[in-house]
Amino acid sequence: MTAWTTHGDGIEKISPRQLPIPTPGPGEVLVKIAALSLNYRDLLVVGGLGGWKPAHPVVPVSDAVGTVVGVGEGTNRFAVGDRVSAIFLPKWQSGPLTRETYVTPTGGPANRGMLAEYVTIDQDEAVSAPRSLDDEHAATLPVAALTAWHAVVRRGRIQRGQTVLIHGTGGVSLFALQFTLALGAIPIITSSSDDKIRKLHALGSLKTINYRKTPDVASEVLRLTGGEGVDHVIETIGGENLNHSLRAVKIGGAIAFIGLIAGLAALINTYEFVSKNVTIHGVETGSREMYEEMGAFIDQHSIRPLVDSTYTAEKIHEALKHLEAGQHFGKIVITMPQSPLPGW
């Protein structure tokens with residue numbers, strides 16, 4: 001089989017390798033990968049930024065879906081023919097995130113990723129793909145969608161009629177928008193592009209802010225909400241953007257903090273925490289249990305993830321450069337060749 005590896009030395013250095021098809025061990029499933037999708041985190045691993053640099057060559061990319069083509073001894077959660085994904089944090093099955101479960105995330109730098117024709121997955125870290133989605137759309141869920149689900153549903157408990165500020169149009173933001181609309185809440189979403197704003201309005205009833213034309217996002221949010229502010233903020237940018245969120249949220253509101261795009265440290269008006277009596281939650285992807293809830297919700301509400309573009313695996317370098325450019329709207333998907341198992 002072909003697998004692609006990185007040592008964290010840049011997009012151009014990702015290279016295909018010919019390896020034996022792995023054999024599933026006890027409690028494992030052998031999955032023939034059909035499609036993958038890219039996340040900002042994949043750029044950190046491939047680029048070898050800080051703690052994301054692999055110590056040795058590793059197969060990158062966290063998000064994928066495929067079909068079970070073999071099972072190891074004692075496997076009872078899945079059978080040949082089932083469609084599955086691997087969750088991002090393999091040990092986080094249910095309950096709160098702990099020191100013991102916050103280990104070996106899928107996709108490097110320590111644990112292997114999904115950018116290979118075949119991958120073995122422990123049955124406990126595998127989860128069924130939503131029945132209503134084809135492979136290309138199901139491949140978009142493990143990181144961005146689950147993070148949005150955790151923020152909107154598990155942490156935020158967003159209700160019909162509540163107002164939600166969503167920053168940007170990245171993967172997490174667009175899933176948060178789709179979940180918010182399905183729940184009957186009222187989203188306000190920001191973008192720097194009028195073209196993206198037009199696409200946003202095609203998704204449903206929402207309010208938008210072009211932050212290039214209206215840099216004082218918080219003041220505009222207050223205007224749109226009659227001076228009250230929003231009930232919830234999905235903070236996907238991070239850094240000093242948190243100041244906009246603190247000003248935009250209503251007294252007693254909540255902020256789900258996810259982003260690191262704007263940096264890992266910033267000068268923040270911390271007194272806003274007090275004067276707004278605000279709750280801020282850090283959000284890290286989610287558990288297998290959350291994924292199963294999300295999958296059922298997607299099926300129930302016929303939610304179709306937004307896909308920007310699709311590349312074949314041989315064009316992984318082009319796909320990552322497209323992600324790096326930051327002009328995409330929706331997920332960037334990779335498809336794998338449909339070659340059969342040798343001898344099958």
# chains A, B, ... in the order shown; residues from 1 in each chain; ligands from 1
>>> residues_around(residues="Leu224 in chain A", least_positions_apart="3", cutoff="10 Å", atoms="only C-alpha atoms", output="list in words")
Ile188, Lys207, Thr208, Ile209, Ala218, Ser219, Glu220, Val221, Gly227, Glu228, Gly229 and Val230 of chain A
>>> select_by_dssp(residues="range 101-288 of chain A", states="strand (DSSP E)", output="PyMOL selection string")
chain A and resi 118-122+126-128+163-166+186-191+207-210+230-235+249-257+279-282
>>> closest_residue(among="A:Ile298, A:Val283, A:Leu203, A:Leu260", to="Thr147 in chain A", atoms="only C-alpha atoms")
A:Val283
>>> atom_distance(atom1="CA of Ile158 in chain A", atom2="CA of Ser245 in chain A")
16.7 Å
>>> closest_residue(among="A:Gly161, A:Gly107, A:Gly239, A:Pro24", to="Leu206 in chain A", atoms="only C-alpha atoms")
A:Gly161
>>> residues_around(residues="Tyr40 in chain A", least_positions_apart="4", cutoff="12 Å", atoms="only C-alpha atoms", output="ChimeraX atom specification")
/A:44-47,49,52,61-63,107,143-144,170-172,236-237,259-261,319-326,328,331-332
>>> residues_around(residues="range 316-318 of chain A", least_positions_apart="4", cutoff="12 Å", atoms="only C-alpha atoms", output="PyMOL selection string")
chain A and resi 3-6+10-16+36-38+42-43+46+60-61+115-116+309-312+322-325+332-336
>>> residues_around(residues="Val217 in chain A", least_positions_apart="2", cutoff="12 Å", atoms="only C-alpha atoms", output="MDAnalysis selection string")
chainID A and resid 165:168 188:192 208:215 219:224 229 241:249
>>> write_last_selection(atoms="N, CA, C and O atoms", output="compact mmCIF listing (two decimals), in the first residue's frame")
# COMPACT_ATOMS: atom_id res chain seq x y z
N LEU A 165 -22.53 34.67 18.41
CA LEU A 165 -21.49 35.26 17.57
C LEU A 165 -20.47 34.19 17.22
O LEU A 165 -19.91 33.54 18.11
N ILE A 166 -20.24 34.01 15.92
CA ILE A 166 -19.28 33.02 15.43
C ILE A 166 -18.22 33.77 14.64
O ILE A 166 -18.53 34.47 13.67
N HIS A 167 -16.96 33.61 15.03
CA HIS A 167 -15.88 34.34 14.37
C HIS A 167 -15.33 33.55 13.19
O HIS A 167 -14.90 32.40 13.32
N GLY A 168 -15.34 34.18 12.00
CA GLY A 168 -14.67 33.62 10.84
C GLY A 168 -15.45 32.53 10.14
O GLY A 168 -16.55 32.14 10.56
N ILE A 188 -24.70 35.27 14.34
CA ILE A 188 -24.03 36.42 13.73
C ILE A 188 -22.63 35.95 13.42
O ILE A 188 -21.90 35.53 14.33
N ILE A 189 -22.23 35.97 12.15
CA ILE A 189 -20.94 35.40 11.77
C ILE A 189 -20.10 36.44 11.05
O ILE A 189 -20.63 37.26 10.29
N THR A 190 -18.79 36.42 11.29
CA THR A 190 -17.90 37.41 10.70
C THR A 190 -17.10 36.81 9.56
O THR A 190 -16.83 35.61 9.51
N SER A 191 -16.69 37.68 8.63
CA SER A 191 -15.83 37.29 7.52
C SER A 191 -15.17 38.55 6.97
O SER A 191 -15.68 39.66 7.15
N SER A 192 -14.05 38.38 6.29
CA SER A 192 -13.39 39.51 5.64
C SER A 192 -13.75 39.59 4.16
O SER A 192 -13.26 40.47 3.45
N THR A 208 -24.49 39.00 9.34
CA THR A 208 -23.07 38.92 9.03
C THR A 208 -22.39 40.26 9.28
O THR A 208 -23.02 41.31 9.22
N ILE A 209 -21.07 40.18 9.53
CA ILE A 209 -20.25 41.37 9.70
C ILE A 209 -18.97 41.17 8.89
O ILE A 209 -18.26 40.17 9.08
N ASN A 210 -18.68 42.09 7.98
CA ASN A 210 -17.40 42.09 7.29
C ASN A 210 -16.42 42.88 8.15
O ASN A 210 -16.51 44.11 8.25
N TYR A 211 -15.49 42.16 8.80
CA TYR A 211 -14.63 42.83 9.77
C TYR A 211 -13.53 43.66 9.12
O TYR A 211 -12.84 44.42 9.80
N ARG A 212 -13.36 43.54 7.80
CA ARG A 212 -12.46 44.47 7.11
C ARG A 212 -13.11 45.85 6.99
O ARG A 212 -12.47 46.87 7.19
N LYS A 213 -14.39 45.84 6.67
CA LYS A 213 -15.13 47.09 6.52
C LYS A 213 -15.62 47.63 7.87
O LYS A 213 -15.79 48.84 8.03
N THR A 214 -15.85 46.73 8.81
CA THR A 214 -16.33 47.11 10.15
C THR A 214 -15.41 46.48 11.19
O THR A 214 -15.74 45.44 11.79
N PRO A 215 -14.24 47.06 11.41
CA PRO A 215 -13.27 46.43 12.32
C PRO A 215 -13.72 46.37 13.77
O PRO A 215 -13.27 45.51 14.52
N SER A 219 -18.87 46.50 18.63
CA SER A 219 -19.86 47.57 18.55
C SER A 219 -20.98 47.21 17.57
O SER A 219 -22.16 47.51 17.82
N GLU A 220 -20.61 46.58 16.47
CA GLU A 220 -21.62 46.17 15.50
C GLU A 220 -22.52 45.08 16.07
O GLU A 220 -23.74 45.08 15.84
N VAL A 221 -21.95 44.17 16.82
CA VAL A 221 -22.76 43.13 17.47
C VAL A 221 -23.74 43.76 18.45
O VAL A 221 -24.93 43.39 18.49
N LEU A 222 -23.27 44.71 19.21
CA LEU A 222 -24.17 45.39 20.16
C LEU A 222 -25.29 46.12 19.42
O LEU A 222 -26.44 46.11 19.86
N ARG A 223 -24.95 46.73 18.28
CA ARG A 223 -26.00 47.40 17.49
C ARG A 223 -27.03 46.39 16.99
O ARG A 223 -28.24 46.63 17.06
N LEU A 224 -26.55 45.23 16.51
CA LEU A 224 -27.45 44.22 15.96
C LEU A 224 -28.32 43.57 17.03
O LEU A 224 -29.37 42.99 16.72
N GLY A 229 -25.92 42.52 23.51
CA GLY A 229 -24.84 41.56 23.32
C GLY A 229 -25.41 40.18 23.06
O GLY A 229 -26.62 39.94 23.22
N ASN A 241 -8.26 38.78 19.80
CA ASN A 241 -9.66 38.76 19.34
C ASN A 241 -10.61 38.47 20.50
O ASN A 241 -11.79 38.81 20.45
N LEU A 242 -10.08 37.86 21.57
CA LEU A 242 -10.91 37.61 22.74
C LEU A 242 -11.49 38.91 23.30
O LEU A 242 -12.58 38.90 23.88
N ASN A 243 -10.78 40.03 23.12
CA ASN A 243 -11.32 41.31 23.59
C ASN A 243 -12.62 41.68 22.87
O ASN A 243 -13.56 42.20 23.47
N HIS A 244 -12.69 41.40 21.56
CA HIS A 244 -13.93 41.64 20.81
C HIS A 244 -15.05 40.77 21.39
O HIS A 244 -16.19 41.23 21.54
N SER A 245 -14.72 39.51 21.67
CA SER A 245 -15.73 38.60 22.19
C SER A 245 -16.24 39.04 23.55
O SER A 245 -17.44 38.96 23.84
N LEU A 246 -15.34 39.50 24.41
CA LEU A 246 -15.73 39.94 25.75
C LEU A 246 -16.64 41.16 25.69
O LEU A 246 -17.59 41.29 26.46
N ARG A 247 -16.38 42.06 24.75
CA ARG A 247 -17.23 43.24 24.61
C ARG A 247 -18.57 42.89 23.97
O ARG A 247 -19.58 43.55 24.25
N ALA A 248 -18.57 41.86 23.12
CA ALA A 248 -19.79 41.52 22.37
C ALA A 248 -20.76 40.64 23.15
O ALA A 248 -21.94 40.59 22.83
N VAL A 249 -20.26 39.92 24.15
CA VAL A 249 -21.12 38.99 24.88
C VAL A 249 -21.96 39.74 25.90
O VAL A 249 -21.53 40.75 26.46
>>> closest_residue(among="A:Gln93, A:Ser287, A:Thr270, A:Gln300", to="Ala182 in chain A", atoms="only C-alpha atoms")
A:Gln300
>>> closest_residue(among="A:Ser205, A:Gly263, A:Lys250, A:Thr225", to="Asn277 in chain A", atoms="only C-alpha atoms")
A:Lys250
>>> closest_residue(among="A:Gly74, A:Ala110, A:Ala35, A:Leu133", to="Gly51 in chain A", atoms="only C-alpha atoms")
A:Ala110
>>> residues_around(residues="Arg157 in chain A", least_positions_apart="6", cutoff="10 Å", atoms="only C-alpha atoms", output="PyMOL selection string")
chain A and resi 149-151+183+232
>>> closest_residue(among="A:Leu177, A:Val164, A:Glu240, A:Met290", to="Asn269 in chain A", atoms="only C-alpha atoms")
A:Glu240
>>> atom_distance(atom1="CA of Leu200 in chain A", atom2="CA of Ile280 in chain A")
26.4 Å
>>> select_by_dssp(residues="range 77-286 of chain A", states="alpha helix (DSSP H)", output="CSV table (one decimal) with N, CA, C and O atoms, in the first residue's frame")
chain,number,residue,atom,x,y,z
A,135,ASP,N,-18.8,9.4,1.6
A,135,ASP,CA,-17.4,9.4,2.2
A,135,ASP,C,-16.8,10.8,2.2
A,135,ASP,O,-16.2,11.1,3.2
A,136,GLU,N,-16.9,11.5,1.2
A,136,GLU,CA,-16.3,12.8,1.1
A,136,GLU,C,-16.8,13.8,2.2
A,136,GLU,O,-16.0,14.6,2.8
A,137,HIS,N,-18.1,13.7,2.5
A,137,HIS,CA,-18.6,14.6,3.5
A,137,HIS,C,-18.4,14.0,4.9
A,137,HIS,O,-18.2,14.8,5.9
A,138,ALA,N,-18.5,12.7,5.1
A,138,ALA,CA,-18.2,12.1,6.4
A,138,ALA,C,-16.8,12.3,6.8
A,138,ALA,O,-16.5,12.4,8.0
A,146,LEU,N,-16.7,18.0,15.3
A,146,LEU,CA,-16.8,17.5,16.7
A,146,LEU,C,-16.5,18.7,17.7
A,146,LEU,O,-17.1,18.8,18.7
A,147,THR,N,-15.5,19.5,17.3
A,147,THR,CA,-15.1,20.6,18.2
A,147,THR,C,-16.3,21.6,18.2
A,147,THR,O,-16.7,22.1,19.3
A,148,ALA,N,-16.9,21.8,17.1
A,148,ALA,CA,-18.1,22.7,17.0
A,148,ALA,C,-19.3,22.2,17.8
A,148,ALA,O,-19.9,22.9,18.5
A,149,TRP,N,-19.5,20.8,17.7
A,149,TRP,CA,-20.5,20.2,18.5
A,149,TRP,C,-20.3,20.4,20.0
A,149,TRP,O,-21.2,20.7,20.7
A,171,GLY,N,-13.3,25.9,9.3
A,171,GLY,CA,-14.1,24.6,9.5
A,171,GLY,C,-14.9,24.6,10.7
A,171,GLY,O,-16.1,24.2,10.6
A,172,VAL,N,-14.4,24.9,11.9
A,172,VAL,CA,-15.1,24.9,13.1
A,172,VAL,C,-16.3,25.9,13.0
A,172,VAL,O,-17.4,25.6,13.4
A,173,SER,N,-16.0,27.0,12.5
A,173,SER,CA,-17.0,28.1,12.5
A,173,SER,C,-18.2,27.7,11.6
A,173,SER,O,-19.4,27.9,12.0
A,174,LEU,N,-17.9,27.1,10.4
A,174,LEU,CA,-19.0,26.7,9.6
A,174,LEU,C,-19.9,25.6,10.1
A,174,LEU,O,-21.1,25.6,10.0
A,175,PHE,N,-19.2,24.6,10.8
A,175,PHE,CA,-20.0,23.6,11.5
A,175,PHE,C,-20.8,24.2,12.6
A,175,PHE,O,-22.0,23.9,12.8
A,176,ALA,N,-20.2,25.1,13.4
A,176,ALA,CA,-20.9,25.8,14.5
A,176,ALA,C,-22.1,26.5,13.9
A,176,ALA,O,-23.2,26.5,14.5
A,177,LEU,N,-22.0,27.2,12.8
A,177,LEU,CA,-23.1,27.8,12.1
A,177,LEU,C,-24.2,26.9,11.8
A,177,LEU,O,-25.4,27.1,12.0
A,178,GLN,N,-23.9,25.7,11.1
A,178,GLN,CA,-24.9,24.8,10.7
A,178,GLN,C,-25.6,24.2,11.9
A,178,GLN,O,-26.8,24.0,11.9
A,179,PHE,N,-24.9,23.9,13.0
A,179,PHE,CA,-25.5,23.3,14.2
A,179,PHE,C,-26.4,24.4,14.9
A,179,PHE,O,-27.5,24.1,15.3
A,180,THR,N,-25.9,25.7,14.9
A,180,THR,CA,-26.7,26.7,15.5
A,180,THR,C,-28.0,26.9,14.8
A,180,THR,O,-29.1,27.1,15.4
A,181,LEU,N,-28.0,26.9,13.4
A,181,LEU,CA,-29.2,27.1,12.6
A,181,LEU,C,-30.1,25.9,12.9
A,181,LEU,O,-31.4,26.1,13.0
A,182,ALA,N,-29.6,24.7,12.9
A,182,ALA,CA,-30.5,23.5,13.1
A,182,ALA,C,-31.2,23.6,14.5
A,182,ALA,O,-32.3,23.1,14.6
A,183,LEU,N,-30.5,24.2,15.5
A,183,LEU,CA,-31.1,24.3,16.8
A,183,LEU,C,-32.1,25.5,16.9
A,183,LEU,O,-32.8,25.6,17.9
A,194,ASP,N,-16.7,39.6,1.1
A,194,ASP,CA,-18.1,39.8,0.7
A,194,ASP,C,-18.6,38.6,-0.1
A,194,ASP,O,-19.7,38.2,0.0
A,195,ASP,N,-17.7,37.9,-0.8
A,195,ASP,CA,-18.0,36.7,-1.5
A,195,ASP,C,-18.4,35.6,-0.6
A,195,ASP,O,-19.4,34.9,-0.7
A,196,LYS,N,-17.7,35.4,0.5
A,196,LYS,CA,-18.0,34.4,1.5
A,196,LYS,C,-19.3,34.8,2.2
A,196,LYS,O,-20.1,33.9,2.6
A,197,ILE,N,-19.5,36.1,2.5
A,197,ILE,CA,-20.7,36.5,3.1
A,197,ILE,C,-21.9,36.2,2.3
A,197,ILE,O,-23.0,35.8,2.8
A,198,ARG,N,-21.8,36.3,0.9
A,198,ARG,CA,-22.9,35.9,0.1
A,198,ARG,C,-23.2,34.4,0.2
A,198,ARG,O,-24.4,34.0,0.2
A,199,LYS,N,-22.2,33.6,0.3
A,199,LYS,CA,-22.3,32.2,0.5
A,199,LYS,C,-23.0,31.9,1.8
A,199,LYS,O,-23.8,30.9,1.9
A,200,LEU,N,-22.6,32.6,2.8
A,200,LEU,CA,-23.2,32.4,4.2
A,200,LEU,C,-24.7,32.6,4.2
A,200,LEU,O,-25.4,31.9,4.8
A,201,HIS,N,-25.1,33.7,3.5
A,201,HIS,CA,-26.5,34.0,3.5
A,201,HIS,C,-27.3,32.9,2.8
A,201,HIS,O,-28.5,32.7,3.1
A,217,VAL,N,-15.9,45.0,15.6
A,217,VAL,CA,-16.9,43.9,15.5
A,217,VAL,C,-17.9,44.0,16.7
A,217,VAL,O,-19.1,43.8,16.6
A,218,ALA,N,-17.3,44.2,17.9
A,218,ALA,CA,-18.1,44.2,19.1
A,218,ALA,C,-19.2,45.3,19.1
A,218,ALA,O,-20.4,45.1,19.4
A,219,SER,N,-18.9,46.5,18.6
A,219,SER,CA,-19.9,47.6,18.6
A,219,SER,C,-21.0,47.2,17.6
A,219,SER,O,-22.2,47.5,17.8
A,220,GLU,N,-20.6,46.6,16.5
A,220,GLU,CA,-21.6,46.2,15.5
A,220,GLU,C,-22.5,45.1,16.1
A,220,GLU,O,-23.7,45.1,15.8
A,221,VAL,N,-21.9,44.2,16.8
A,221,VAL,CA,-22.8,43.1,17.5
A,221,VAL,C,-23.7,43.8,18.4
A,221,VAL,O,-24.9,43.4,18.5
A,222,LEU,N,-23.3,44.7,19.2
A,222,LEU,CA,-24.2,45.4,20.2
A,222,LEU,C,-25.3,46.1,19.4
A,222,LEU,O,-26.4,46.1,19.9
A,223,ARG,N,-25.0,46.7,18.3
A,223,ARG,CA,-26.0,47.4,17.5
A,223,ARG,C,-27.0,46.4,17.0
A,223,ARG,O,-28.2,46.6,17.1
A,224,LEU,N,-26.6,45.2,16.5
A,224,LEU,CA,-27.5,44.2,16.0
A,224,LEU,C,-28.3,43.6,17.0
A,224,LEU,O,-29.4,43.0,16.7
A,241,ASN,N,-8.3,38.8,19.8
A,241,ASN,CA,-9.7,38.8,19.3
A,241,ASN,C,-10.6,38.5,20.5
A,241,ASN,O,-11.8,38.8,20.5
A,242,LEU,N,-10.1,37.9,21.6
A,242,LEU,CA,-10.9,37.6,22.7
A,242,LEU,C,-11.5,38.9,23.3
A,242,LEU,O,-12.6,38.9,23.9
A,243,ASN,N,-10.8,40.0,23.1
A,243,ASN,CA,-11.3,41.3,23.6
A,243,ASN,C,-12.6,41.7,22.9
A,243,ASN,O,-13.6,42.2,23.5
A,244,HIS,N,-12.7,41.4,21.6
A,244,HIS,CA,-13.9,41.6,20.8
A,244,HIS,C,-15.1,40.8,21.4
A,244,HIS,O,-16.2,41.2,21.5
A,245,SER,N,-14.7,39.5,21.7
A,245,SER,CA,-15.7,38.6,22.2
A,245,SER,C,-16.2,39.0,23.6
A,245,SER,O,-17.4,39.0,23.8
A,246,LEU,N,-15.3,39.5,24.4
A,246,LEU,CA,-15.7,39.9,25.8
A,246,LEU,C,-16.6,41.2,25.7
A,246,LEU,O,-17.6,41.3,26.5
A,247,ARG,N,-16.4,42.1,24.8
A,247,ARG,CA,-17.2,43.2,24.6
A,247,ARG,C,-18.6,42.9,24.0
A,247,ARG,O,-19.6,43.5,24.2
A,248,ALA,N,-18.6,41.9,23.1
A,248,ALA,CA,-19.8,41.5,22.4
A,248,ALA,C,-20.8,40.6,23.1
A,248,ALA,O,-21.9,40.6,22.8
A,271,TYR,N,-10.6,42.5,33.3
A,271,TYR,CA,-11.7,43.0,34.1
A,271,TYR,C,-13.1,42.8,33.4
A,271,TYR,O,-14.1,42.7,34.1
A,272,GLU,N,-13.1,42.6,32.1
A,272,GLU,CA,-14.3,42.3,31.4
A,272,GLU,C,-14.9,41.0,31.9
A,272,GLU,O,-16.1,40.7,31.9
A,273,PHE,N,-14.0,40.0,32.3
A,273,PHE,CA,-14.5,38.8,32.9
A,273,PHE,C,-15.4,39.0,34.0
A,273,PHE,O,-16.5,38.4,34.2
A,274,VAL,N,-15.0,40.0,34.9
A,274,VAL,CA,-15.7,40.3,36.1
A,274,VAL,C,-17.0,41.1,35.7
A,274,VAL,O,-18.1,40.8,36.2
A,275,SER,N,-16.8,42.2,35.0
A,275,SER,CA,-18.0,43.1,34.8
A,275,SER,C,-19.0,42.5,33.9
A,275,SER,O,-20.2,42.9,34.0
